[in-house]
Each structure stands twice: as structure tokens, then as C-alpha cells.
Amino acid sequence: MAKKSRSAGGYGLSAILIAVVILFTLAAATLIYVNSWRVSRYNMGSVEKMSSISDRLSEVNENVILLVADIGTEQGLGSIENINNSFDVIYRDMEDYENIKGHSDMETRRYHQAKLSIMAYQKKLSEIFTVISNFNYDDAKNTYVQEIYPIESTANEMLMATIELCSLNAENMSSKTTLYYIISAVVLVLFLVIGEIGVYMVSKNAKKAEAEIEAQSNALSASAARLEKSKQKMENIALTNILTGLKNRYALENDLGDRLETDQFNIGVFDLDNFRQINDTFGYEFGDEYLAAVAEKLVQDFGEAAEIYNITGNEFCFVFNDDISDSVAQKTSQKIAETMSAPYQINSILAQLTVSGSIYHYLPNDCLNTDSLLIKLDTTLHNVKMNGGNAVYTVNSL
């Protein structure tokens with residue numbers, strides 16, 4: 001009878017042990033499943049919304065650029081409507097994002113900073129929209145560079161930081177889930193091999209969660225790449241004349257920079273005489289095409305000898321390469337004037353203007369900054385025009 005009792009006790013202990021293993025397996029699987037579900041839910045919600053906000057903000061940035069380029073046109077008005085629609089979607093996504101639980105304190109703080117930056121960005125654009133009809137291209141470009149672009153950059157940077165923290169929070173949550181899995185697996189092995197069934201199920205769920213996290217991380221990376229591409233586009237347009245495609249005055253200031261203190265080089269400016277007559281006679285669209293044709297010819301003929309800038313509407317600046325001597329620069333300047341004053345056929349209309357220019361052999365520390373350098377060149381250019389134009393003068397070094 002005693003033997004039977006010991007057998008019955010062994011069976012009972014085995015049953016209890018199996019029951020404990022099953023219960024622990026269920027508890028561990030439930031814990032990991034809940035955490036995996038929470039990670040998945042967080043990523044499916046937060047990451048998706050942040051990605052959507054990033055995409056819409058990129059659309060806003062692109063439409064702002066289009067608005068500057070198409071100022072005063074129906075396309076420009078369409079860009080304003082697109083901008084407002086994108087902001088409507090952004091605010092809806094923000095509301096959805098804020099209703100999702102699980103954000104870290106740092107992520108929440110950074111998100112609110114990004115939200116304030118985006119709201120400031122929209123406010124500034126709304127202020128510009130009320131007076132945009134009075135702008136011309138130069139006004140719109142200057143307003144973009146001086147007022148809109150800094151706020152736009154801040155909003156982009158704050159959003160990028162929020163996306164990074166969102167991704168970091170997701171990784172931390174994933175790490176916790178992985179930790180729970182390891183602890184559970186070790187305990188299960190200590191009980192019985194039967195626990196391997198539970199480990200298998202938990203492992204399957206964990207791998208599924210990791211695959212979802214990886215997919216969402218890839219989506220975040222793609223969104224960040226699009227945002228960076230949009231930022232690069234904005235930086236390029238800030239340094240480029242949209243009409244001619246040449247670098248503008250801001251680019252000239254950046255390129256010269258410290259060269260004014262250390263380098264010597266030849267630089268010249270050339271201006272089409274009486275260009276206003278072209279606009280008055282044939283219209284501004286014809287004048288724009290005329291300038292674009294001149295710019296294309298200048299790049300074709302002199303792009304290898306100098307860096308070419310379109311610093312104002314019809315004024316071009318040439319910074320000659322270091323290997324160009326003074327005499328060659330002088331001869332090239334005459335050729336530049338000849339090229340610019342050649343007849344150009346635009347829409348079956350032949351137009352031709354004379355050109356005034358000034359050339360300067362710059363020495364280190366001749367000028368304090370780019371503005372003073374251009375003042376010297378423009379002063380000489382003015383003298384050329386006062387003497388009838390159609391000539392190239394040399395700036396006298398002082």
C-alpha cells in the first residue's frame with residue numbers, strides 16, 4: 001500500500017509540476033504577448049503618424065518653393081491651397097499621435113517642441129499669404145530666405161529629433177520584450193522540457209514583433225531620407241537663381257568667404273544696358289527667356305574659365321579661375337561682353353542689347369567683405385554706363 005501511495009504521490013507531484021510549468025508558460029507567454037502587442041501597437045500608431053507628419057511637412061516645403069517660383073500666378077494660388085490642406089492633415093495626425101499611449105517623457109517633450117515649431121511655421125506662412133498678392137519674385141524670394149526658411153528649418157529639425165526619439169522608444173520597448181523572453185526561457189528550462197513548447201510560442205511571437213519593428217524602422221529611415229532630401233532642395237534653391245539656374249549673390253558670398261583675406265583673383269561684373277526696354281517692349285516673360293538664353297550661352301562658352309553668378313536680374317558676375325592671368329582675364333572679359341551683346345532670337349523675335357562691364361584684379365585684404373567688393377565693381381560699372389555704356393572698365397586698386 002505504501003508503494004502505491006508513493007506512486008500516487010509521484011503522479012501527483014508530476015501533475016503539480018506540469019500544472020506549474022503550464023501556468024508559468026501561460027503567464028510568460030501572456031506577458032511577452034502583451035508587450036509584443038504593445039510594441040506593435042505603439043509602432044503601428046506612433047511611427048505611422050510621425051511618418052505621415054514628416055511626409056506632409058515635406059509637401060508643405062515643396063509647395064512653399066513652388067509658391068516662390070510661381071508668385072502671382074494661378075499655380076502659386078494652387079500651392080497655397082495645397083499648403084493649407086497639408087497642414088490640416090498634419091494637425092489630424094498630431095491629434096491621433098497624442099491619443100496613443102506609451103511615449104517616453106523625453107519623446108513627449110521633444111514632440112511638443114516640434115509641434116510648436118510647426119505651428120509657428122504655419123503662422124508665419126499665414127501672415128505671408130495675407131500680403132502675398134503684393135509681392136514680386138524678388139520680394140517673395142527675400143521673404144523666403146530671411147523669414148520663412150529659418151522657421152521651416154527649425155520645424156524640420158524638431159520633427160527629425162522627435163522621429164529619432166520615437167524610434168529609440170520603440171527600440172527600448174523591444175529590448176524590454178526581448179529581456180522578458182530571455183528570463184522566461186531560462187526559468188522554463190529549469191522546470192521541464194515541456195516548457196519548450198511555451199518557449200517556442202513566445203519565440204514565434206517575439207520574432208513577429210521584431211519583424212514589425214524592423215519594418216517600421218525602415219519606414220522611419222525612408223521618411224528621414226525624404227526629409228533630408230527636401231532640406232537639401234531648400235538649401236540649393238536659397239543659393240540659386242531660379243530663372244537662370246546660376247548661383248546667386250548669397251552663393252557668391254559663401255564661395256568667396258575667407259578668400260578675401262588670403263587670395264588674389266580676377267573678378268568681373270557685366271550688366272545688360274537698358275534691359276528695361278526689353279520688358280517694356282516685349283513683356284516680362286520675354287525678358288525672362290532672354291536672360292535664360294544669355295545665361296545658357298555664358299555657361300557654354302565660359303563655364304570652364306570662371307564660376308558664373310547671376311547676382312541680380314540682368315547683372316552677371318564672373319570669378320575667374322586661379323590659373324587665368326590678368327591679360328587673359330581682360331581678353332575673356334571682352335569676349336563675355338561680345339557674347340552678351342550678341343543678338344538672341346526669342347520666340348521668332350531677334351533682340352540685342354549692349355553690355356557694360358567692370359573687371360577687378362583683387363588682392364588679399366583689398367576689401368572687408370563681399371559687399372564692399374561688389375560696391376567697387378558696381379561703382380566702376382556705373383561710370384561705364386554714365387559714359388554711354390557698351391564698354392568694359394578696369395577697377396583701379398587703391
# chains A, B, ... in the order shown; residues from 1 in each chain; ligands from 1
>>> closest_atom_pairs(of="range 64-130 of chain A", to="range 47-55 of chain A", cutoff="7 Å", atoms="only C-alpha atoms", output="tab-separated table")
residue	atom	partner	partner_atom	distance
A:Ile90	CA	A:Ile53	CA	5.2
A:Asp93	CA	A:Lys49	CA	5.6
A:Tyr97	CA	A:Lys49	CA	6.0
>>> closest_residue(among="A:Val64, A:Asn383, A:Ser79, A:Lys101", to="Ile148 in chain A", atoms="only C-alpha atoms")
A:Val64
>>> closest_residue(among="A:Glu338, A:Ile311, A:Asp70, A:Leu353", to="Gly287 in chain A", atoms="only C-alpha atoms")
A:Leu353
>>> closest_residue(among="A:Asn156, A:Asn241, A:Thr262, A:Asn99", to="Pro364 in chain A", atoms="only C-alpha atoms")
A:Thr262
>>> closest_residue(among="A:Val269, A:Leu159, A:Cys317, A:Val60", to="Val89 in chain A", atoms="only C-alpha atoms")
A:Val60
>>> select_by_dssp(residues="range 245-350 of chain A", states="helix (DSSP H, G or I)", output="PyMOL selection string")
chain A and resi 249-256+259-262+276-282+284-302+326-340
>>> select_by_dssp(residues="range 183-389 of chain A", states="strand (DSSP E)", output="PyMOL selection string")
chain A and resi 265-272+306-312+315-320+344-346+349-351+355-362
>>> write_last_selection(atoms="N, CA and C atoms", output="mmCIF file, in the first residue's frame")
data_model
loop_
_atom_site.group_PDB
_atom_site.id
_atom_site.type_symbol
_atom_site.label_atom_id
_atom_site.label_comp_id
_atom_site.auth_asym_id
_atom_site.auth_seq_id
_atom_site.Cartn_x
_atom_site.Cartn_y
_atom_site.Cartn_z
ATOM 1 N N PHE A 265 42.635 87.193 -57.162
ATOM 2 C CA PHE A 265 41.919 86.612 -58.290
ATOM 3 C C PHE A 265 41.309 87.746 -59.111
ATOM 4 N N ASN A 266 40.900 87.404 -60.320
ATOM 5 C CA ASN A 266 40.226 88.363 -61.192
ATOM 6 C C ASN A 266 38.719 88.131 -61.112
ATOM 7 N N ILE A 267 37.999 89.231 -60.986
ATOM 8 C CA ILE A 267 36.551 89.154 -60.876
ATOM 9 C C ILE A 267 35.932 90.266 -61.718
ATOM 10 N N GLY A 268 34.832 89.973 -62.363
ATOM 11 C CA GLY A 268 34.184 90.975 -63.205
ATOM 12 C C GLY A 268 32.678 90.908 -63.104
ATOM 13 N N VAL A 269 32.021 92.051 -63.305
ATOM 14 C CA VAL A 269 30.562 92.099 -63.374
ATOM 15 C C VAL A 269 30.152 92.703 -64.712
ATOM 16 N N PHE A 270 29.042 92.205 -65.266
ATOM 17 C CA PHE A 270 28.574 92.630 -66.579
ATOM 18 C C PHE A 270 27.059 92.822 -66.505
ATOM 19 N N ASP A 271 26.612 93.945 -67.074
ATOM 20 C CA ASP A 271 25.194 94.296 -66.981
ATOM 21 C C ASP A 271 24.676 94.693 -68.364
ATOM 22 N N LEU A 272 23.524 94.145 -68.714
ATOM 23 C CA LEU A 272 22.898 94.481 -69.998
ATOM 24 C C LEU A 272 22.380 95.920 -69.944
ATOM 25 N N ALA A 306 35.580 80.289 -65.551
ATOM 26 C CA ALA A 306 35.173 81.062 -64.378
ATOM 27 C C ALA A 306 33.925 80.451 -63.760
ATOM 28 N N GLU A 307 33.725 80.794 -62.482
ATOM 29 C CA GLU A 307 32.472 80.475 -61.802
ATOM 30 C C GLU A 307 31.518 81.635 -62.076
ATOM 31 N N ILE A 308 30.312 81.329 -62.569
ATOM 32 C CA ILE A 308 29.394 82.363 -63.042
ATOM 33 C C ILE A 308 28.221 82.489 -62.074
ATOM 34 N N TYR A 309 27.875 83.744 -61.745
ATOM 35 C CA TYR A 309 26.784 84.031 -60.816
ATOM 36 C C TYR A 309 25.817 85.019 -61.466
ATOM 37 N N ASN A 310 24.540 84.836 -61.195
ATOM 38 C CA ASN A 310 23.516 85.816 -61.607
ATOM 39 C C ASN A 310 23.111 86.574 -60.342
ATOM 40 N N ILE A 311 23.816 87.704 -60.047
ATOM 41 C CA ILE A 311 23.675 88.351 -58.745
ATOM 42 C C ILE A 311 22.459 89.256 -58.666
ATOM 43 N N THR A 312 21.982 89.791 -59.785
ATOM 44 C CA THR A 312 20.694 90.484 -59.830
ATOM 45 C C THR A 312 20.014 90.083 -61.128
ATOM 46 N N GLU A 315 22.301 91.282 -64.137
ATOM 47 C CA GLU A 315 23.727 91.508 -63.830
ATOM 48 C C GLU A 315 24.387 90.159 -63.510
ATOM 49 N N PHE A 316 25.489 89.881 -64.184
ATOM 50 C CA PHE A 316 26.201 88.621 -64.030
ATOM 51 C C PHE A 316 27.600 88.891 -63.475
ATOM 52 N N CYS A 317 28.068 87.988 -62.627
ATOM 53 C CA CYS A 317 29.400 88.117 -62.028
ATOM 54 C C CYS A 317 30.243 86.900 -62.400
ATOM 55 N N PHE A 318 31.516 87.139 -62.742
ATOM 56 C CA PHE A 318 32.447 86.068 -63.122
ATOM 57 C C PHE A 318 33.630 86.092 -62.159
ATOM 58 N N VAL A 319 33.873 84.988 -61.455
ATOM 59 C CA VAL A 319 35.073 84.833 -60.648
ATOM 60 C C VAL A 319 35.995 83.892 -61.428
ATOM 61 N N PHE A 320 37.036 84.472 -62.021
ATOM 62 C CA PHE A 320 37.901 83.689 -62.910
ATOM 63 C C PHE A 320 38.745 82.696 -62.130
ATOM 64 N N TYR A 344 19.963 87.723 -79.855
ATOM 65 C CA TYR A 344 19.339 86.486 -79.393
ATOM 66 C C TYR A 344 17.919 86.421 -79.947
ATOM 67 N N GLN A 345 17.573 85.267 -80.498
ATOM 68 C CA GLN A 345 16.238 85.094 -81.067
ATOM 69 C C GLN A 345 15.365 84.369 -80.061
ATOM 70 N N ILE A 346 14.309 85.061 -79.611
ATOM 71 C CA ILE A 346 13.382 84.509 -78.645
ATOM 72 C C ILE A 346 11.993 84.519 -79.265
ATOM 73 N N ILE A 349 11.579 86.391 -82.373
ATOM 74 C CA ILE A 349 11.889 87.822 -82.287
ATOM 75 C C ILE A 349 13.377 87.967 -82.001
ATOM 76 N N LEU A 350 14.070 88.775 -82.793
ATOM 77 C CA LEU A 350 15.501 88.986 -82.626
ATOM 78 C C LEU A 350 15.711 90.234 -81.755
ATOM 79 N N ALA A 351 16.411 90.048 -80.627
ATOM 80 C CA ALA A 351 16.663 91.162 -79.705
ATOM 81 C C ALA A 351 18.156 91.257 -79.425
ATOM 82 N N VAL A 355 26.365 95.927 -73.677
ATOM 83 C CA VAL A 355 26.736 95.448 -72.342
ATOM 84 C C VAL A 355 27.801 96.360 -71.744
ATOM 85 N N SER A 356 27.639 96.664 -70.472
ATOM 86 C CA SER A 356 28.663 97.394 -69.719
ATOM 87 C C SER A 356 29.276 96.443 -68.706
ATOM 88 N N GLY A 357 30.575 96.630 -68.442
ATOM 89 C CA GLY A 357 31.231 95.731 -67.509
ATOM 90 C C GLY A 357 32.374 96.392 -66.773
ATOM 91 N N SER A 358 32.773 95.753 -65.668
ATOM 92 C CA SER A 358 33.954 96.196 -64.920
ATOM 93 C C SER A 358 34.705 94.961 -64.448
ATOM 94 N N ILE A 359 36.029 95.045 -64.478
ATOM 95 C CA ILE A 359 36.857 93.908 -64.080
ATOM 96 C C ILE A 359 37.871 94.384 -63.045
ATOM 97 N N TYR A 360 38.191 93.511 -62.126
ATOM 98 C CA TYR A 360 38.993 93.908 -60.964
ATOM 99 C C TYR A 360 39.987 92.794 -60.647
ATOM 100 N N HIS A 361 41.276 93.148 -60.560
ATOM 101 C CA HIS A 361 42.279 92.199 -60.075
ATOM 102 C C HIS A 361 42.350 92.363 -58.557
ATOM 103 N N TYR A 362 41.715 91.441 -57.847
ATOM 104 C CA TYR A 362 41.607 91.558 -56.401
ATOM 105 C C TYR A 362 42.868 91.022 -55.723
#
>>> residues_around(residues="Glu296 in chain A", least_positions_apart="5", cutoff="9 Å", atoms="only C-alpha atoms", output="short mmCIF file (atom, residue, chain, number, x, y, z; two decimals) with N, CA and C atoms, in the first residue's frame")
data_model
loop_
_atom_site.label_atom_id
_atom_site.label_comp_id
_atom_site.auth_asym_id
_atom_site.auth_seq_id
_atom_site.Cartn_x
_atom_site.Cartn_y
_atom_site.Cartn_z
N THR A 244 17.57 81.56 -64.08
CA THR A 244 18.69 81.20 -64.94
C THR A 244 19.38 79.90 -64.53
N GLY A 245 19.14 79.44 -63.30
CA GLY A 245 19.81 78.25 -62.82
C GLY A 245 21.23 78.49 -62.36
N LEU A 291 17.01 86.48 -70.66
CA LEU A 291 18.06 86.29 -69.65
C LEU A 291 18.48 84.83 -69.56
N ASP A 301 30.05 78.93 -73.06
CA ASP A 301 31.30 79.49 -73.59
C ASP A 301 32.37 79.73 -72.52
#
>>> atom_distance(atom1="CA of Asp366 in chain A", atom2="CA of Asn387 in chain A")
26.2 Å
>>> residues_around(residues="Gln122 in chain A", least_positions_apart="5", cutoff="9 Å", atoms="only C-alpha atoms", output="number ranges by chain")
A: 83-84, 87, 117, 127
>>> closest_residue(among="A:Glu107, A:Glu210, A:Asp88, A:Glu147", to="Cys166 in chain A", atoms="only C-alpha atoms")
A:Glu107
>>> residues_around(residues="Ala120 in chain A", least_positions_apart="3", cutoff="9 Å", atoms="only C-alpha atoms", output="number ranges by chain")
A: 115-117, 123-125, 151-152, 155
>>> closest_residue(among="A:Leu66, A:Gln277, A:Lys207, A:Asn61", to="Tyr121 in chain A", atoms="only C-alpha atoms")
A:Asn61
